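A.B. asks: Please find query_13.txt (compact mmCIF, C-alpha atoms) on the next line:
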```txt
# COMPACT_ATOMS: atom_id res chain seq x y z
CA MET A 1 118.33 133.66 168.36
CA GLY A 2 119.58 130.22 169.29
CA SER A 3 123.08 128.82 169.27
CA PHE A 4 125.51 130.25 166.74
CA GLY A 5 127.51 127.01 166.49
CA THR A 6 130.19 127.82 163.92
CA ILE A 7 129.09 131.48 163.99
CA THR A 8 127.00 132.29 160.97
CA LEU A 9 125.80 135.89 161.11
CA ARG A 10 122.73 136.77 159.08
CA ILE A 11 123.11 140.40 158.00
CA GLY A 12 120.02 142.38 157.06
CA THR A 13 120.16 145.08 154.40
CA ARG A 14 117.96 146.96 152.01
CA ALA A 15 117.98 145.43 148.54
CA SER A 16 119.13 148.52 146.63
CA PRO A 17 122.51 148.28 144.85
CA LEU A 18 124.02 150.88 147.21
CA ALA A 19 122.75 149.20 150.37
CA LEU A 20 123.97 145.84 149.10
CA ALA A 21 127.43 147.28 148.40
CA GLN A 22 127.58 148.62 151.97
CA ALA A 23 126.43 145.32 153.48
CA GLN A 24 128.78 143.25 151.35
CA ASP A 25 131.69 145.40 152.46
CA ALA A 26 130.71 145.01 156.12
CA ALA A 27 130.29 141.25 155.70
CA ALA A 28 133.70 140.86 154.05
CA ARG A 29 135.36 142.92 156.80
CA LEU A 30 133.74 140.82 159.53
CA GLU A 31 134.88 137.56 157.97
CA GLN A 32 138.40 138.93 157.53
CA LEU A 33 138.68 140.40 161.03
CA SER A 34 137.38 137.23 162.66
CA GLU A 35 140.06 135.23 160.82
CA GLY A 36 137.50 132.75 159.58
CA ALA A 37 135.54 132.37 162.82
CA ILE A 38 132.53 134.14 161.29
CA ARG A 39 130.61 133.28 158.16
CA THR A 40 128.08 135.81 156.89
CA GLU A 41 124.83 135.52 155.00
CA LEU A 42 123.02 138.54 153.54
CA VAL A 43 119.25 138.83 153.92
CA THR A 44 117.69 141.53 151.75
CA PHE A 45 114.57 143.61 152.39
CA THR A 46 112.57 146.00 150.26
CA THR A 47 111.57 148.61 152.80
CA THR A 48 108.56 150.89 152.80
CA GLY A 49 110.89 153.76 151.91
CA ASP A 50 112.25 151.86 148.91
CA ARG A 51 108.73 151.45 147.54
CA LEU A 52 108.19 155.21 147.52
CA THR A 53 109.38 156.52 144.16
CA THR A 54 107.40 159.76 143.88
CA GLU A 55 106.01 160.74 147.30
CA ARG A 56 107.97 162.77 149.84
CA LEU A 57 109.08 160.93 152.98
CA ILE A 58 107.32 163.49 155.19
CA ASN A 59 104.00 162.47 153.67
CA ALA A 60 104.54 158.79 154.39
CA GLY A 61 106.07 158.60 157.85
CA GLY A 62 109.63 159.93 157.72
CA LYS A 63 112.99 158.28 158.31
CA GLY A 64 111.83 155.04 159.92
CA LEU A 65 110.52 153.95 156.53
CA PHE A 66 114.02 152.73 155.62
CA THR A 67 114.66 150.79 158.83
CA ARG A 68 111.29 149.42 160.00
CA GLU A 69 111.53 146.07 158.23
CA LEU A 70 115.11 145.47 159.41
CA ASP A 71 114.20 146.41 162.99
CA ARG A 72 111.35 143.92 162.94
CA ALA A 73 113.63 141.22 161.51
CA LEU A 74 116.11 141.83 164.35
CA ASP A 75 113.34 141.53 166.94
CA GLU A 76 112.02 138.33 165.40
CA GLY A 77 115.44 136.69 165.03
CA GLU A 78 115.45 136.63 161.24
CA ILE A 79 118.76 138.50 161.23
CA HIS A 80 121.55 139.02 163.75
CA LEU A 81 122.83 142.33 162.40
CA GLY A 82 121.38 145.28 160.50
CA VAL A 83 123.52 147.42 158.21
CA HIS A 84 122.22 150.94 157.60
CA SER A 85 123.16 154.27 156.10
CA LEU A 86 123.18 156.13 159.40
CA LYS A 87 121.55 159.26 158.00
CA ASP A 88 118.43 157.14 157.35
CA VAL A 89 118.24 155.84 160.94
CA PRO A 90 115.78 157.65 163.24
CA SER A 91 117.36 159.69 166.03
CA ARG A 92 116.17 157.12 168.59
CA LEU A 93 116.74 153.39 168.15
CA PRO A 94 114.05 150.88 169.13
CA ASP A 95 114.21 149.61 172.71
CA SER A 96 116.75 146.78 173.12
CA HIS A 97 118.64 147.74 169.93
CA GLU A 98 122.15 149.20 169.97
CA PHE A 99 124.88 150.30 167.60
CA VAL A 100 127.67 147.74 167.47
CA ALA A 101 129.96 149.08 164.72
CA PHE A 102 130.77 152.20 162.72
CA PRO A 103 133.05 151.44 159.75
CA GLU A 104 135.14 154.29 158.34
CA ARG A 105 133.06 157.17 157.01
CA ALA A 106 132.98 157.69 153.25
CA ASP A 107 133.05 161.09 151.53
CA PRO A 108 130.34 163.13 153.32
CA ARG A 109 129.96 165.74 150.60
CA GLU A 110 127.07 166.28 148.22
CA GLY A 111 127.58 165.61 144.54
CA PHE A 112 126.08 167.86 141.85
CA LEU A 113 124.88 166.07 138.70
CA SER A 114 123.80 167.83 135.52
CA PRO A 115 124.26 167.33 131.79
CA HIS A 116 124.10 171.13 131.43
CA ALA A 117 126.41 172.50 134.14
CA THR A 118 129.23 171.51 136.48
CA LYS A 119 127.96 173.52 139.43
CA LEU A 120 124.73 174.98 140.74
CA GLU A 121 125.71 178.55 139.90
CA ASP A 122 125.97 177.70 136.19
CA LEU A 123 122.39 176.47 135.75
CA PRO A 124 120.29 178.82 133.62
CA LYS A 125 117.69 180.96 135.35
CA GLY A 126 114.47 179.06 136.03
CA ALA A 127 116.01 175.63 135.41
CA VAL A 128 114.42 172.57 137.01
CA LEU A 129 116.31 170.81 139.80
CA GLY A 130 115.10 167.48 141.18
CA THR A 131 115.46 166.47 144.83
CA ALA A 132 113.29 164.81 147.47
CA SER A 133 115.53 166.03 150.30
CA LEU A 134 114.00 168.98 152.11
CA ARG A 135 117.45 170.00 153.36
CA ARG A 136 118.87 170.03 149.84
CA GLU A 137 115.80 171.90 148.63
CA ALA A 138 116.15 174.60 151.30
CA GLN A 139 119.88 174.94 150.69
CA THR A 140 119.24 175.22 146.94
CA ARG A 141 116.54 177.85 147.45
CA ARG A 142 118.97 179.81 149.61
CA ALA A 143 121.58 179.81 146.85
CA ARG A 144 119.31 179.89 143.78
CA PRO A 145 115.77 181.08 144.60
CA ASP A 146 115.03 181.35 140.87
CA LEU A 147 115.17 177.59 140.25
CA GLU A 148 112.12 175.34 140.01
CA ILE A 149 112.43 172.36 142.35
CA VAL A 150 110.56 169.10 141.72
CA PRO A 151 110.48 165.89 143.82
CA PHE A 152 113.08 163.27 142.79
CA ARG A 153 112.79 159.96 144.65
CA GLY A 154 114.22 156.52 144.14
CA ASN A 155 117.62 154.90 144.46
CA VAL A 156 120.77 156.22 142.79
CA GLN A 157 120.09 154.44 139.49
CA THR A 158 116.47 155.61 139.39
CA ARG A 159 117.39 159.23 139.95
CA MET A 160 120.15 159.12 137.33
CA LYS A 161 117.66 157.70 134.81
CA LYS A 162 115.21 160.50 135.62
CA LEU A 163 117.99 163.02 134.99
CA GLU A 164 118.91 161.36 131.68
CA ALA A 165 115.23 161.42 130.66
CA GLY A 166 115.17 165.18 131.07
CA GLU A 167 112.81 165.30 134.06
CA ALA A 168 115.19 167.86 135.57
CA ALA A 169 118.28 169.78 134.55
CA ALA A 170 120.20 168.78 137.68
CA THR A 171 120.05 166.80 140.90
CA TYR A 172 122.19 165.88 143.90
CA LEU A 173 123.55 162.52 145.03
CA ALA A 174 125.73 161.79 148.05
CA MET A 175 129.36 161.32 147.04
CA ALA A 176 129.57 158.45 149.54
CA GLY A 177 126.97 156.47 147.62
CA LEU A 178 128.54 157.17 144.26
CA ALA A 179 131.95 156.13 145.58
CA ARG A 180 130.57 152.87 147.01
CA LEU A 181 129.01 152.13 143.62
CA GLY A 182 132.31 152.88 141.90
CA ILE A 183 131.06 155.91 139.94
CA PRO A 184 132.22 159.02 141.86
CA GLU A 185 133.19 160.68 138.57
CA MET A 186 129.48 161.07 137.72
CA ALA A 187 129.18 164.10 140.03
CA THR A 188 131.02 167.26 141.00
CA PRO A 189 131.65 167.34 144.79
CA ILE A 190 130.35 170.39 146.66
CA SER A 191 132.40 171.58 149.62
CA LEU A 192 130.85 171.15 153.06
CA GLU A 193 131.22 174.89 153.65
CA ASP A 194 129.03 175.58 150.61
CA MET A 195 126.48 172.81 151.23
CA LEU A 196 126.57 171.23 154.67
CA SER A 197 125.46 167.61 154.50
CA ALA A 198 122.86 165.70 156.49
CA PRO A 199 123.91 164.56 159.96
CA CYS A 200 125.86 161.30 159.60
CA GLN A 201 125.98 161.40 155.79
CA GLY A 202 128.56 158.88 154.59
CA ILE A 203 128.49 156.83 157.81
CA VAL A 204 127.39 153.20 157.83
CA ALA A 205 126.22 151.75 161.14
CA CYS A 206 125.61 148.18 162.28
CA THR A 207 122.83 147.48 164.77
CA ALA A 208 121.97 144.43 166.86
CA ARG A 209 119.82 143.44 169.80
CA MET A 210 121.50 144.09 173.13
CA GLY A 211 123.34 141.11 174.57
CA GLU A 212 122.57 138.72 171.72
CA LEU A 213 125.84 138.63 169.77
CA PRO A 214 128.63 136.24 170.77
CA ASN A 215 131.98 137.64 171.91
CA VAL A 216 133.77 136.69 168.69
CA ALA A 217 131.29 138.78 166.71
CA LEU A 218 131.50 141.71 169.13
CA ALA A 219 135.29 141.66 168.94
CA ALA A 220 135.24 141.73 165.12
CA LEU A 221 132.68 144.55 165.10
CA GLN A 222 134.76 146.56 167.55
CA ALA A 223 137.83 146.06 165.36
CA MET A 224 135.82 147.23 162.34
CA THR A 225 134.79 150.45 164.09
CA HIS A 226 136.62 153.58 162.95
CA ALA A 227 137.02 155.87 165.96
CA PRO A 228 136.66 159.24 164.17
CA SER A 229 133.54 158.00 162.37
CA ARG A 230 132.01 156.84 165.64
CA GLN A 231 132.85 160.21 167.19
CA ALA A 232 131.13 162.04 164.34
CA ALA A 233 128.08 159.81 164.73
CA LEU A 234 127.80 160.63 168.45
CA ALA A 235 128.02 164.41 167.98
CA GLU A 236 125.84 164.66 164.89
CA ARG A 237 123.12 162.38 166.26
CA ALA A 238 123.10 164.30 169.56
CA PHE A 239 122.49 167.47 167.55
CA LEU A 240 119.69 165.81 165.60
CA THR A 241 118.07 164.36 168.72
CA THR A 242 118.20 167.69 170.54
CA LEU A 243 116.36 169.31 167.67
CA ASP A 244 113.98 166.33 167.58
CA GLY A 245 115.04 166.14 163.97
CA SER A 246 112.46 164.80 161.55
CA CYS A 247 112.18 164.85 157.80
CA ARG A 248 110.09 168.04 158.09
CA THR A 249 112.89 170.36 159.20
CA PRO A 250 115.96 171.06 157.02
CA ILE A 251 118.88 170.10 159.31
CA ALA A 252 122.57 169.73 158.46
CA ALA A 253 125.62 168.94 160.61
CA HIS A 254 129.20 167.73 160.42
CA LEU A 255 132.04 167.05 162.84
CA PHE A 256 135.35 168.10 161.32
CA HIS A 257 138.45 166.43 162.79
CA LEU A 258 141.32 168.90 163.07
CA GLU A 259 145.07 168.45 162.99
CA GLY A 260 146.39 168.07 166.51
CA GLY A 261 143.48 165.99 167.78
CA GLY A 262 140.74 168.59 168.22
CA ALA A 263 137.46 168.85 166.36
CA ARG A 264 135.07 171.46 164.98
CA PHE A 265 131.32 170.93 165.03
CA LEU A 266 129.08 172.81 162.60
CA GLY A 267 125.29 172.55 162.73
CA GLU A 268 122.66 174.25 160.61
CA VAL A 269 118.89 174.63 160.39
CA LEU A 270 117.15 176.41 157.52
CA ARG A 271 113.74 177.78 156.75
CA PRO A 272 112.10 175.62 154.06
CA ASP A 273 112.26 178.51 151.58
CA GLY A 274 115.96 179.05 152.29
CA ALA A 275 115.32 182.65 153.37
CA GLU A 276 116.92 182.21 156.79
CA THR A 277 119.66 179.99 158.21
CA TRP A 278 120.68 179.39 161.83
CA ARG A 279 124.19 178.02 162.44
CA SER A 280 126.15 176.95 165.48
CA GLU A 281 129.90 176.33 165.38
CA ARG A 282 131.78 174.84 168.33
CA LEU A 283 135.30 173.58 168.98
CA LEU A 284 136.46 170.53 170.92
CA ALA A 285 139.90 170.52 172.49
CA PRO A 286 142.21 167.54 171.91
CA GLY A 287 141.50 164.58 174.17
CA PHE A 288 137.71 164.93 174.07
CA GLY A 289 135.60 161.92 175.06
CA ASP A 290 132.12 160.60 174.31
CA GLU A 291 130.41 162.89 176.80
CA ALA A 292 132.02 165.99 175.28
CA LEU A 293 130.97 164.88 171.80
CA GLN A 294 127.37 164.46 172.85
CA GLN A 295 127.39 167.72 174.78
CA VAL A 296 128.69 169.69 171.80
CA GLY A 297 125.84 168.38 169.66
CA ILE A 298 123.30 169.13 172.39
CA ALA A 299 124.65 172.65 172.99
CA ALA A 300 124.64 173.45 169.27
CA GLY A 301 121.07 172.20 168.94
CA GLU A 302 119.89 174.22 171.93
CA GLU A 303 121.62 177.35 170.62
CA ILE A 304 119.90 177.05 167.25
CA ARG A 305 116.48 176.29 168.74
CA SER A 306 116.80 179.39 170.93
CA ALA A 307 117.94 181.55 168.00
CA ALA A 308 114.97 180.32 165.95
CA GLY A 309 112.55 181.44 168.66
CA GLY A 310 112.00 178.04 170.27
CA THR A 311 110.10 176.47 167.37
CA LEU A 312 111.90 175.06 164.36
CA PRO A 313 110.64 175.87 160.85
CA ALA A 314 109.10 172.91 159.07
CA PHE A 315 107.69 171.92 155.70
CA GLU A 316 103.97 171.31 155.55
CA ASP A 317 102.54 168.16 154.01
CA ASP A 318 101.97 168.36 150.29
CA ALA A 319 98.36 168.95 149.37
```
Kindly present the structure from the file in structure tokens form.
C.D. replies:
Amino acid sequence: MGSFGTITLRIGTRASPLALAQAQDAAARLEQLSEGAIRTELVTFTTTGDRLTTERLINAGGKGLFTRELDRALDEGEIHLGVHSLKDVPSRLPDSHEFVAFPERADPREGFLSPHATKLEDLPKGAVLGTASLRREAQTRRARPDLEIVPFRGNVQTRMKKLEAGEAAATYLAMAGLARLGIPEMATPISLEDMLSAPCQGIVACTARMGELPNVALAALQAMTHAPSRQAALAERAFLTTLDGSCRTPIAAHLFHLEGGGARFLGEVLRPDGAETWRSERLLAPGFGDEALQQVGIAAGEEIRSAAGGTLPAFEDDA
């Protein structure tokens, strides 16, 4: 990567408005925390996932579609740092890559958007709901098996335009994304107990190649890391990895931090039609460390896999 000289960090990000907002926030924090020792430069990428506006992710390669171009840019020295929505990052990083920062988690809840209703229960029978998320689809089928569900892909703005055009009566968007775009009032938040979110929803993560960042950058990234958000990332990704989570299986998880210093982990796997749900709930005593966080995710994943008969339910490719 060469000499940093006055420390200019090239930060890679997807080019969508939401991804840019996340990267700009991370860049501003790094410059502030380094007290001027770091200057940042954003490098934008249109990923394979961004180019998919109608097809399901499972039909085109899954989660890595949103990170592949940034991973390659890291390997080739085009960028020093990648900024990602952690829920889009595959459960295993490429060799020689590592997480170097976890800024504070945003609102992890789902947001319900509809010009006809303020919550899912109020949609008329047989209404059309748009989502490309298999987890959201399964959770919706569990709650409202009467609804018609159609694929809704694209960034936040694209999906909102589809809703306005009447392509569906309702859709979901992550509250974290809406908040980062400054429009949280566009949706009604759904409690995590009613609709458990994707593992790591609302968490932004920074990645880099091992051993290639200077100490001043590492120090600023460490200062930017929010401990509870990092803890949630460890537990929720351990759960996902244990289940070998792909975009074919509806998986949800969240680490709840409790008063007094403990935590509660809740993981969930659903049948694609929403007809059956497997859940695992576990508690962490105050003073837990990284190993305990990973073990709670692993144990919850193993419990669910066993309860499901050893093989997780999965969506088939579209015909």
A.B. asks: Given the choices A:Gly154, A:Pro115, A:Gly262, A:Pro250, which gets closest to Leu293 of chain A if the distance is worked out from only C-alpha atoms?
C.D. replies: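 Using only C-alpha atoms, Leu293 of chain A sits closest to A:Gly262.
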A.B. asks: List every protein, DNA or RNA residue with an atom no more than 12 Å from (116.8, 179.9, 168.7) in the file's coordinates, counting only C-alpha atoms, and format the result as a PyMOL selection string.
C.D. replies: chain A and resi 243+268-270+277-280+299-313
A.B. asks: Find, counting all atoms listed in the file, the residue in A:Ala106, A:Leu240, A:Leu120, A:Leu74 that gets nearest to Thr13 of chain A.
C.D. replies: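 Of all the options, A:Leu74 lies closest to Thr13 of chain A.
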A.B. asks: At what distance in Å, to one decimal, does atom CA of Phe256 of chain A lie from atom CA of Leu86 of chain A?
C.D. replies: 17.2 Å
A.B. asks: So that I can check the surroundings of Ala238 of chain A, please list as a ChimeraX atom specification every protein, DNA and RNA residue that reaches within 7 Å of it, counting only C-alpha atoms and ignoring chain neighbours fewer than 2 positions away.
C.D. replies: /A:234-236,240-242,294,297-298
